[in-house]
There are 2 protein chains.
Amino acid sequence: MKPDHQKSLLTNCAIPAALEAVGERWSFLILRGAFNGLHHFEEFQSTLGIARNILSNRLARMVEHEILKREPDPADRRRVAYRLTEKGRELLPVLIALRQWGEKWVSGVPSNPVLVDRAARRPVAPIAVTAADGRPLSLEELDWVDRAEVAQG
Amino acid sequence: MKPDHQKSLLTNCAIPAALEAVGERWSFLILRGAFNGLHHFEEFQSTLGIARNILSNRLARMVEHEILKREPDPADRRRVAYRLTEKGRELLPVLIALRQWGEKWVSGVPSNPVLVDRAARRPVAPIAVTAADGRPLSLEELDWVDRAEVAQG
DNA sequence: TCTGCTCAGTTGCTATCTGCAACCTATATG
DNA sequence: CATATAGGTTGCAGATAGCAACTGAGCAGA
């Protein structure tokens with residue numbers, strides 16, 4: 001009765017894996033800070049108002065997961081810079097999609113600063129699910145299908 | 001010294017607002033279930049293995065936030081269906097982006113079931129940040145700019 | 001109509017996580 | 001040297017999550 005794929009919801013989905021890395025409270029906000037040019041412990045702490053122990057824990061965790069890398073500053077050995085790795089940078093679509101959703105459906109007001117296309121100086125487009133050819137797809141145009149049944153490239 | 005917009009990171013961003021609605025543990029997994037055709041309490045509970053009290057709490061919370069709507073079944077008054085609202089459905093890009101990221105960077109294996117374009121029967125494209133004209137943008141092509149300075153339409 | 005079963009929760013208790021404030025250590029700065 | 005700064009750690013209180021057992025309304029069959 002029930003579609004077969006529902007059985008594999010738990011076992012065969014990367015969402016739990018992703019949440020293991022960035023699903024805790026504050027993780028997304030720390031990342032947003034990193035995308036906005038924050039690099040140092042005290043910057044994150046004072047900008048976000050997060051408790052120091054939690055911040056310490058989250059940074060360490062994201063460093064473990066190689067979302068951030070920890071770079072001690074050779075010029076001032078007290079200072080440590082946290083920088084996004086490639087893995088971390090690729091979380092941008094998630095972050096922006098979440099922000100756009102919050103803007104549209106929760107806060108109602110446009111966020112600031114705005115992420116713009118550097119060349120055109122215009123805000124980026126709303127993030128959407130698209131087909132391989134770039135055509136945007138609504139939920140009605142989408143299906144969940146077992147991988148084995150998909151015509152892959 | 002510090003870009004001006006960093007001051008408004010906390011106050012002028014919709015990410016905290018979004019996280020208030022869907023940032024708790026299990027919320028995303030419940031949503032994924034809903035997108036995959038789960039509707040009833042016992043379905044969510046047995047599929048996800050979530051504790052009943054937590055599930056009850058999360059469902060209530062997402063109903064409050066109008067991400068799900070609670071629909072008692074008139075044919076069997078024990079049963080209650082939880083269905084995605086338009087607001088909830090628009091979280092799909094966030095969910096898919098998160099899943100694609102987890103697939104690529106954490107779990108390493110393709111998830112199942114796969115979301116496909118119904119017409120083409122092919123998996124949806126990787127979710128990306130794009131310019132207004134649809135051109136995909138890398139981080140190097142992006143800037144954070146104060147809204148006031150953006151040439152809006 | 002009585003019995004048992006199903007659905008959707010609630011309750012009570014324990015374990016884990018969060019948040020605040022104070023403290024600490026290494027390094028720089030005057 | 002005294003003092004300040006960066007990046008933490010510690011201890012403890014309160015909030016949140018998780019497990020197991022229980023409840024209570026509503027059906028279904030005998």
# chains A, B, ... in the order shown; residues from 1 in each chain; ligands from 1

$ calpha_fit_and_write --fixed "chain A" --moving "chain B" --output "compact mmCIF listing (two decimals) with C-alpha atoms, in the first residue's frame"
# COMPACT_ATOMS: atom_id res chain seq x y z
CA MET B 1 0.05 -0.14 0.23
CA LYS B 2 2.68 2.34 1.25
CA PRO B 3 5.21 3.35 -1.42
CA ASP B 4 8.30 1.26 -1.07
CA HIS B 5 10.65 4.18 -0.81
CA GLN B 6 9.15 5.27 2.50
CA LYS B 7 10.89 2.34 4.13
CA SER B 8 14.23 3.76 3.15
CA LEU B 9 13.49 7.24 4.40
CA LEU B 10 15.62 6.77 7.46
CA THR B 11 18.44 4.66 6.12
CA ASN B 12 19.03 6.14 2.67
CA CYS B 13 18.89 9.85 3.15
CA ALA B 14 21.70 12.32 3.60
CA ILE B 15 19.66 14.76 5.63
CA PRO B 16 20.45 13.10 8.96
CA ALA B 17 24.11 13.08 7.96
CA ALA B 18 24.00 16.76 7.11
CA LEU B 19 22.21 17.62 10.33
CA GLU B 20 24.83 15.74 12.29
CA ALA B 21 27.34 18.30 11.06
CA VAL B 22 25.32 21.52 11.08
CA GLY B 23 22.03 20.72 12.79
CA GLU B 24 22.76 22.07 16.24
CA ARG B 25 21.53 25.36 17.53
CA TRP B 26 23.86 28.20 16.51
CA SER B 27 25.66 26.27 13.78
CA PHE B 28 23.85 28.05 10.96
CA LEU B 29 24.27 31.43 12.60
CA ILE B 30 27.98 30.89 13.02
CA LEU B 31 28.19 29.91 9.36
CA ARG B 32 26.25 32.97 8.31
CA GLY B 33 28.77 35.01 10.28
CA ALA B 34 31.62 33.26 8.52
CA PHE B 35 30.06 33.99 5.13
CA ASN B 36 29.80 37.62 6.18
CA GLY B 37 33.45 37.97 6.97
CA LEU B 38 33.70 37.02 10.63
CA HIS B 39 36.81 35.02 11.40
CA HIS B 40 37.75 35.37 15.06
CA PHE B 41 36.32 33.98 18.26
CA GLU B 42 35.63 37.38 19.79
CA GLU B 43 33.97 38.59 16.58
CA PHE B 44 31.55 35.69 16.52
CA GLN B 45 30.94 36.03 20.22
CA SER B 46 30.16 39.72 20.26
CA THR B 47 28.28 39.77 16.96
CA LEU B 48 26.06 36.80 17.71
CA GLY B 49 25.83 37.12 21.48
CA ILE B 50 26.43 33.39 21.82
CA ALA B 51 27.79 31.95 25.06
CA ARG B 52 31.53 31.43 24.92
CA ASN B 53 31.49 27.76 25.81
CA ILE B 54 28.87 26.98 23.17
CA LEU B 55 30.77 28.95 20.55
CA SER B 56 33.95 27.13 21.47
CA ASN B 57 32.15 23.81 21.16
CA ARG B 58 30.49 24.61 17.80
CA LEU B 59 33.67 25.93 16.24
CA ALA B 60 35.53 22.82 17.34
CA ARG B 61 32.78 20.63 15.97
CA MET B 62 32.68 22.35 12.61
CA VAL B 63 36.47 22.19 12.42
CA GLU B 64 36.23 18.45 13.07
CA HIS B 65 33.73 18.16 10.27
CA GLU B 66 36.03 20.23 8.05
CA ILE B 67 33.40 22.87 7.47
CA LEU B 68 35.74 25.44 9.00
CA LYS B 69 39.48 25.37 9.28
CA ARG B 70 41.31 26.71 12.31
CA GLU B 71 44.25 28.92 11.37
CA PRO B 72 46.45 30.32 14.14
CA ASP B 73 47.74 33.74 13.16
CA PRO B 74 51.56 33.63 12.98
CA ALA B 75 51.80 37.42 13.46
CA ASP B 76 49.83 37.39 16.71
CA ARG B 77 49.87 34.02 18.33
CA ARG B 78 46.88 34.77 20.53
CA ARG B 79 44.66 35.05 17.50
CA VAL B 80 43.04 32.20 15.63
CA ALA B 81 41.16 32.63 12.36
CA TYR B 82 38.30 30.35 11.48
CA ARG B 83 37.76 30.12 7.74
CA LEU B 84 35.28 28.30 5.58
CA THR B 85 36.57 25.32 3.69
CA GLU B 86 35.23 24.34 0.28
CA LYS B 87 32.85 22.01 2.10
CA GLY B 88 31.68 24.88 4.24
CA ARG B 89 31.35 27.28 1.34
CA GLU B 90 29.07 24.83 -0.41
CA LEU B 91 26.54 25.30 2.38
CA LEU B 92 25.75 28.73 0.96
CA PRO B 93 22.73 27.58 -1.05
CA VAL B 94 21.24 26.02 2.09
CA LEU B 95 21.82 29.20 4.05
CA ILE B 96 20.44 31.48 1.38
CA ALA B 97 17.42 29.26 0.77
CA LEU B 98 16.68 29.29 4.48
CA ARG B 99 17.07 33.03 4.65
CA GLN B 100 14.88 33.67 1.65
CA TRP B 101 12.20 31.45 3.14
CA GLY B 102 12.38 33.23 6.50
CA GLU B 103 12.21 36.55 4.73
CA LYS B 104 9.16 35.62 2.72
CA TRP B 105 7.22 33.65 5.32
CA VAL B 106 8.35 34.63 8.80
CA SER B 107 10.03 37.97 9.25
CA GLY B 108 8.34 39.59 6.27
CA VAL B 109 11.07 42.18 5.89
CA PRO B 110 13.98 42.01 3.49
CA SER B 111 17.20 41.00 5.22
CA ASN B 112 20.31 43.10 5.30
CA PRO B 113 22.98 42.86 3.99
CA VAL B 114 21.81 41.47 0.67
CA LEU B 115 23.75 38.94 -1.38
CA VAL B 116 24.29 40.40 -4.83
CA ASP B 117 25.68 39.28 -8.11
CA ARG B 118 28.96 41.22 -8.20
CA ALA B 119 28.81 41.96 -11.89
CA ALA B 120 25.19 43.03 -12.16
CA ARG B 121 24.98 44.52 -8.64
CA ARG B 122 21.56 42.96 -8.28
CA PRO B 123 20.28 40.55 -5.62
CA VAL B 124 20.60 36.86 -6.37
CA ALA B 125 17.53 35.02 -7.62
CA PRO B 126 15.24 33.07 -5.29
CA ILE B 127 16.68 29.61 -4.80
CA ALA B 128 14.54 26.96 -6.41
CA VAL B 129 14.45 23.32 -7.36
CA THR B 130 15.14 23.10 -11.08
CA ALA B 131 15.30 20.45 -13.76
CA ALA B 132 18.59 19.43 -15.33
CA ASP B 133 18.00 22.06 -18.04
CA GLY B 134 17.47 24.84 -15.50
CA ARG B 135 13.68 25.01 -15.78
CA PRO B 136 12.18 25.74 -12.32
CA LEU B 137 9.97 22.95 -11.00
CA SER B 138 6.96 23.16 -8.71
CA LEU B 139 6.03 20.33 -6.35
CA GLU B 140 3.41 19.15 -8.84
CA GLU B 141 6.14 18.58 -11.41
CA LEU B 142 8.19 16.47 -9.01
CA ASP B 143 8.17 12.81 -8.06
CA TRP B 144 10.06 10.70 -5.57
CA VAL B 145 11.45 7.70 -7.39
CA ASP B 146 13.64 4.79 -6.42
CA ARG B 147 17.16 5.40 -7.68
CA ALA B 148 17.21 2.11 -9.52
CA GLU B 149 14.34 3.30 -11.69
CA VAL B 150 15.90 6.58 -12.67
CA ALA B 151 17.38 7.04 -16.11
CA GLN B 152 20.80 8.29 -15.05
CA GLY B 153 23.33 9.97 -17.31

$ interface_residues --of "chain D" --to "chain B" --cutoff "10 Å" --atoms "only C-alpha atoms (C1' of nucleotides)" --output "compact mmCIF listing (two decimals) with N, CA and C atoms (P, O5', C5', C4', C3', O3' and C1' of nucleotides), in the first residue's frame"
# COMPACT_ATOMS: atom_id res chain seq x y z
P DT D 16 13.40 25.28 26.27
O5' DT D 16 13.92 23.87 25.76
C5' DT D 16 15.24 23.75 25.21
C4' DT D 16 15.56 22.28 25.00
C3' DT D 16 14.45 21.49 24.31
O3' DT D 16 15.01 20.95 23.13
C1' DT D 16 15.34 20.31 26.17
P DA D 17 14.28 19.91 22.18
O5' DA D 17 14.82 18.52 22.74
C5' DA D 17 16.20 18.27 22.71
C4' DA D 17 16.50 16.79 22.92
C3' DA D 17 15.62 15.83 22.15
O3' DA D 17 16.46 14.80 21.64
C1' DA D 17 15.44 15.43 24.51
P DG D 18 15.89 13.51 20.90
O5' DG D 18 15.69 12.48 22.09
C5' DG D 18 16.84 11.95 22.75
C4' DG D 18 16.41 10.82 23.65
C3' DG D 18 15.44 9.82 23.00
O3' DG D 18 15.92 8.50 23.25
C1' DG D 18 14.55 10.62 25.05
P DC D 19 15.22 7.25 22.58
O5' DC D 19 14.55 6.56 23.84
C5' DC D 19 15.35 6.18 24.96
C4' DC D 19 14.46 5.67 26.09
C3' DC D 19 13.40 4.65 25.64
O3' DC D 19 13.58 3.47 26.40
C1' DC D 19 12.42 6.40 26.96
P DA D 25 -12.46 10.08 26.99
O5' DA D 25 -12.89 10.40 25.48
C5' DA D 25 -12.09 11.25 24.67
C4' DA D 25 -11.93 10.65 23.30
C3' DA D 25 -13.23 10.12 22.68
O3' DA D 25 -13.38 10.74 21.42
C1' DA D 25 -11.50 8.50 22.51
P DG D 26 -14.67 10.43 20.47
O5' DG D 26 -14.21 9.19 19.61
C5' DG D 26 -13.11 9.36 18.72
C4' DG D 26 -12.91 8.08 17.92
C3' DG D 26 -14.19 7.50 17.32
O3' DG D 26 -13.87 7.07 16.01
C1' DG D 26 -13.11 5.88 18.62
P DC D 27 -14.95 7.01 14.87
O5' DC D 27 -15.16 5.44 14.74
C5' DC D 27 -14.58 4.84 13.64
C4' DC D 27 -13.87 3.56 14.05
C3' DC D 27 -14.63 2.33 13.55
O3' DC D 27 -13.87 1.75 12.50
C1' DC D 27 -13.74 2.06 15.76

$ select_by_dssp --residues "chain B" --states "alpha helix (DSSP H)" --output "JSON, numbers by chain"
{"B": [15, 16, 17, 18, 19, 20, 21, 22, 27, 28, 29, 30, 31, 32, 33, 34, 35, 41, 42, 43, 44, 45, 46, 47, 48, 52, 53, 54, 55, 56, 57, 58, 59, 60, 61, 62, 63, 64, 86, 87, 88, 89, 92, 93, 94, 95, 96, 97, 98, 99, 100, 101, 102]}

$ select_by_dssp --residues "segment 20-133 of chain B" --states "strand (DSSP E)" --output "list in words"
Leu68, Lys69, Arg70, Glu71, Pro72, Val80, Ala81, Tyr82, Arg83, Leu84, Val114, Leu115, Val116, Asp117, Arg122 and Pro123 of chain B

$ write_last_selection --atoms "N, CA, C and O atoms" --output "short mmCIF file (atom, residue, chain, number, x, y, z; two decimals), in the first residue's frame"
data_model
loop_
_atom_site.label_atom_id
_atom_site.label_comp_id
_atom_site.auth_asym_id
_atom_site.auth_seq_id
_atom_site.Cartn_x
_atom_site.Cartn_y
_atom_site.Cartn_z
N LEU B 68 2.67 23.13 8.80
CA LEU B 68 1.78 21.99 8.60
C LEU B 68 0.38 22.41 9.02
O LEU B 68 0.22 23.31 9.83
N LYS B 69 -0.62 21.74 8.41
CA LYS B 69 -1.96 21.93 8.94
C LYS B 69 -2.49 20.60 9.45
O LYS B 69 -2.20 19.54 8.91
N ARG B 70 -3.23 20.69 10.55
CA ARG B 70 -3.74 19.51 11.24
C ARG B 70 -5.16 19.27 10.76
O ARG B 70 -6.04 20.12 10.96
N GLU B 71 -5.38 18.12 10.11
CA GLU B 71 -6.70 17.83 9.56
C GLU B 71 -7.27 16.54 10.12
O GLU B 71 -6.91 15.45 9.68
N PRO B 72 -8.19 16.66 11.07
CA PRO B 72 -8.85 15.45 11.60
C PRO B 72 -9.62 14.78 10.46
O PRO B 72 -10.25 15.45 9.65
N VAL B 80 -5.70 11.75 12.48
CA VAL B 80 -5.43 13.15 12.17
C VAL B 80 -4.37 13.17 11.09
O VAL B 80 -3.35 12.50 11.21
N ALA B 81 -4.61 13.91 10.02
CA ALA B 81 -3.60 14.04 8.97
C ALA B 81 -2.86 15.36 9.14
O ALA B 81 -3.48 16.40 9.40
N TYR B 82 -1.56 15.28 9.03
CA TYR B 82 -0.75 16.50 9.00
C TYR B 82 -0.30 16.73 7.57
O TYR B 82 0.32 15.85 6.96
N ARG B 83 -0.62 17.87 7.03
CA ARG B 83 -0.28 18.17 5.64
C ARG B 83 0.50 19.47 5.54
O ARG B 83 0.27 20.42 6.28
N LEU B 84 1.39 19.50 4.57
CA LEU B 84 2.18 20.69 4.32
C LEU B 84 1.29 21.81 3.80
O LEU B 84 0.45 21.60 2.94
N VAL B 114 14.99 9.39 -4.86
CA VAL B 114 15.53 10.55 -5.55
C VAL B 114 14.36 11.44 -5.99
O VAL B 114 13.30 10.94 -6.37
N LEU B 115 14.57 12.73 -5.92
CA LEU B 115 13.56 13.66 -6.42
C LEU B 115 13.79 13.88 -7.90
O LEU B 115 14.86 14.34 -8.31
N VAL B 116 12.80 13.53 -8.71
CA VAL B 116 12.97 13.66 -10.16
C VAL B 116 11.95 14.62 -10.77
O VAL B 116 10.87 14.83 -10.23
N ASP B 117 12.36 15.18 -11.85
CA ASP B 117 11.52 15.97 -12.72
C ASP B 117 10.52 15.00 -13.36
O ASP B 117 10.92 14.07 -14.07
N ARG B 122 14.23 12.56 -14.75
CA ARG B 122 15.63 12.66 -14.37
C ARG B 122 15.76 13.45 -13.08
O ARG B 122 14.91 14.31 -12.79
N PRO B 123 16.81 13.16 -12.29
CA PRO B 123 16.95 13.85 -11.00
C PRO B 123 17.03 15.36 -11.19
O PRO B 123 17.50 15.85 -12.22
#

$ closest_atom_pairs --of "chain C" --to "chain B" --cutoff "9 Å" --atoms "only C-alpha atoms (C1' of nucleotides)" --output "tab-separated table"
residue	atom	partner	partner_atom	distance
C:DT6	C1'	B:Arg78	CA	8.3
C:DC7	C1'	B:Arg78	CA	5.4
C:DA8	C1'	B:Phe41	CA	6.7
C:DG9	C1'	B:Ser56	CA	7.1
C:DT10	C1'	B:Asn53	CA	7.8

$ decode --residues "segment 127-141 of chain B" --atoms "all heavy atoms" --output "compact mmCIF listing (two decimals), in the first residue's frame"
# COMPACT_ATOMS: atom_id res chain seq x y z
N ILE B 127 21.12 22.31 -6.39
CA ILE B 127 20.60 23.62 -6.05
C ILE B 127 21.76 24.58 -5.89
O ILE B 127 22.77 24.26 -5.28
CB ILE B 127 19.76 23.53 -4.77
CG1 ILE B 127 18.48 22.77 -5.13
CG2 ILE B 127 19.48 24.90 -4.18
CD1 ILE B 127 17.42 22.82 -4.10
N ALA B 128 21.62 25.74 -6.51
CA ALA B 128 22.71 26.70 -6.53
C ALA B 128 22.20 28.12 -6.39
O ALA B 128 21.01 28.38 -6.60
CB ALA B 128 23.50 26.56 -7.84
N VAL B 129 23.11 29.00 -6.01
CA VAL B 129 22.80 30.42 -5.99
C VAL B 129 22.98 30.93 -7.41
O VAL B 129 24.03 30.71 -8.01
CB VAL B 129 23.73 31.17 -5.02
CG1 VAL B 129 23.46 32.67 -5.07
CG2 VAL B 129 23.57 30.64 -3.60
N THR B 130 21.97 31.59 -7.93
CA THR B 130 22.05 32.07 -9.31
C THR B 130 21.72 33.55 -9.39
O THR B 130 21.09 34.11 -8.50
CB THR B 130 21.04 31.32 -10.22
OG1 THR B 130 19.72 31.60 -9.75
CG2 THR B 130 21.28 29.82 -10.21
N ALA B 131 22.18 34.16 -10.49
CA ALA B 131 21.85 35.55 -10.75
C ALA B 131 20.40 35.65 -11.21
O ALA B 131 19.74 34.63 -11.44
CB ALA B 131 22.78 36.11 -11.82
N ALA B 132 19.92 36.87 -11.33
CA ALA B 132 18.54 37.09 -11.74
C ALA B 132 18.24 36.43 -13.09
O ALA B 132 17.14 35.94 -13.33
CB ALA B 132 18.24 38.59 -11.82
N ASP B 133 19.27 36.34 -13.95
CA ASP B 133 19.07 35.73 -15.27
C ASP B 133 19.29 34.22 -15.26
O ASP B 133 19.26 33.59 -16.32
CB ASP B 133 19.99 36.40 -16.29
CG ASP B 133 21.47 36.28 -15.91
OD1 ASP B 133 21.81 35.41 -15.10
OD2 ASP B 133 22.27 37.08 -16.43
N GLY B 134 19.53 33.63 -14.11
CA GLY B 134 19.64 32.18 -14.02
C GLY B 134 21.06 31.65 -14.05
O GLY B 134 21.30 30.47 -13.76
N ARG B 135 22.01 32.48 -14.39
CA ARG B 135 23.42 32.15 -14.41
C ARG B 135 23.87 31.71 -13.00
O ARG B 135 23.63 32.42 -12.03
CB ARG B 135 24.15 33.43 -14.81
CG ARG B 135 25.57 33.39 -15.18
CD ARG B 135 25.95 34.75 -15.87
NE ARG B 135 25.18 35.89 -15.38
CZ ARG B 135 25.60 36.73 -14.41
NH1 ARG B 135 26.77 36.59 -13.86
NH2 ARG B 135 24.83 37.74 -14.04
N PRO B 136 24.50 30.54 -12.86
CA PRO B 136 24.98 30.13 -11.53
C PRO B 136 26.15 31.00 -11.08
O PRO B 136 26.97 31.42 -11.90
CB PRO B 136 25.43 28.68 -11.74
CG PRO B 136 25.61 28.52 -13.20
CD PRO B 136 24.75 29.52 -13.89
N LEU B 137 26.20 31.29 -9.79
CA LEU B 137 27.22 32.19 -9.26
C LEU B 137 28.08 31.49 -8.22
O LEU B 137 27.55 30.83 -7.32
CB LEU B 137 26.53 33.41 -8.62
CG LEU B 137 25.71 34.29 -9.56
CD1 LEU B 137 24.82 35.23 -8.75
CD2 LEU B 137 26.63 35.07 -10.47
N SER B 138 29.36 31.64 -8.33
CA SER B 138 30.26 31.12 -7.29
C SER B 138 30.45 32.21 -6.23
O SER B 138 30.06 33.36 -6.43
CB SER B 138 31.61 30.76 -7.90
OG SER B 138 32.29 31.93 -8.27
N LEU B 139 31.04 31.84 -5.11
CA LEU B 139 31.25 32.81 -4.03
C LEU B 139 32.05 34.01 -4.49
O LEU B 139 31.85 35.13 -4.02
CB LEU B 139 31.99 32.15 -2.86
CG LEU B 139 31.26 31.96 -1.54
CD1 LEU B 139 32.24 31.62 -0.43
CD2 LEU B 139 30.46 33.19 -1.16
N GLU B 140 32.96 33.79 -5.42
CA GLU B 140 33.82 34.88 -5.90
C GLU B 140 33.01 35.90 -6.72
O GLU B 140 33.45 37.03 -6.91
CB GLU B 140 34.97 34.34 -6.75
CG GLU B 140 35.96 33.45 -6.00
CD GLU B 140 35.37 32.07 -5.71
OE1 GLU B 140 34.77 31.48 -6.62
OE2 GLU B 140 35.47 31.60 -4.55
N GLU B 141 31.88 35.49 -7.20
CA GLU B 141 31.05 36.40 -7.99
C GLU B 141 29.97 37.06 -7.14
O GLU B 141 29.04 37.68 -7.67
CB GLU B 141 30.39 35.64 -9.15
CG GLU B 141 31.40 34.99 -10.09
CD GLU B 141 30.70 34.08 -11.10
OE1 GLU B 141 30.41 32.91 -10.77
OE2 GLU B 141 30.45 34.55 -12.22
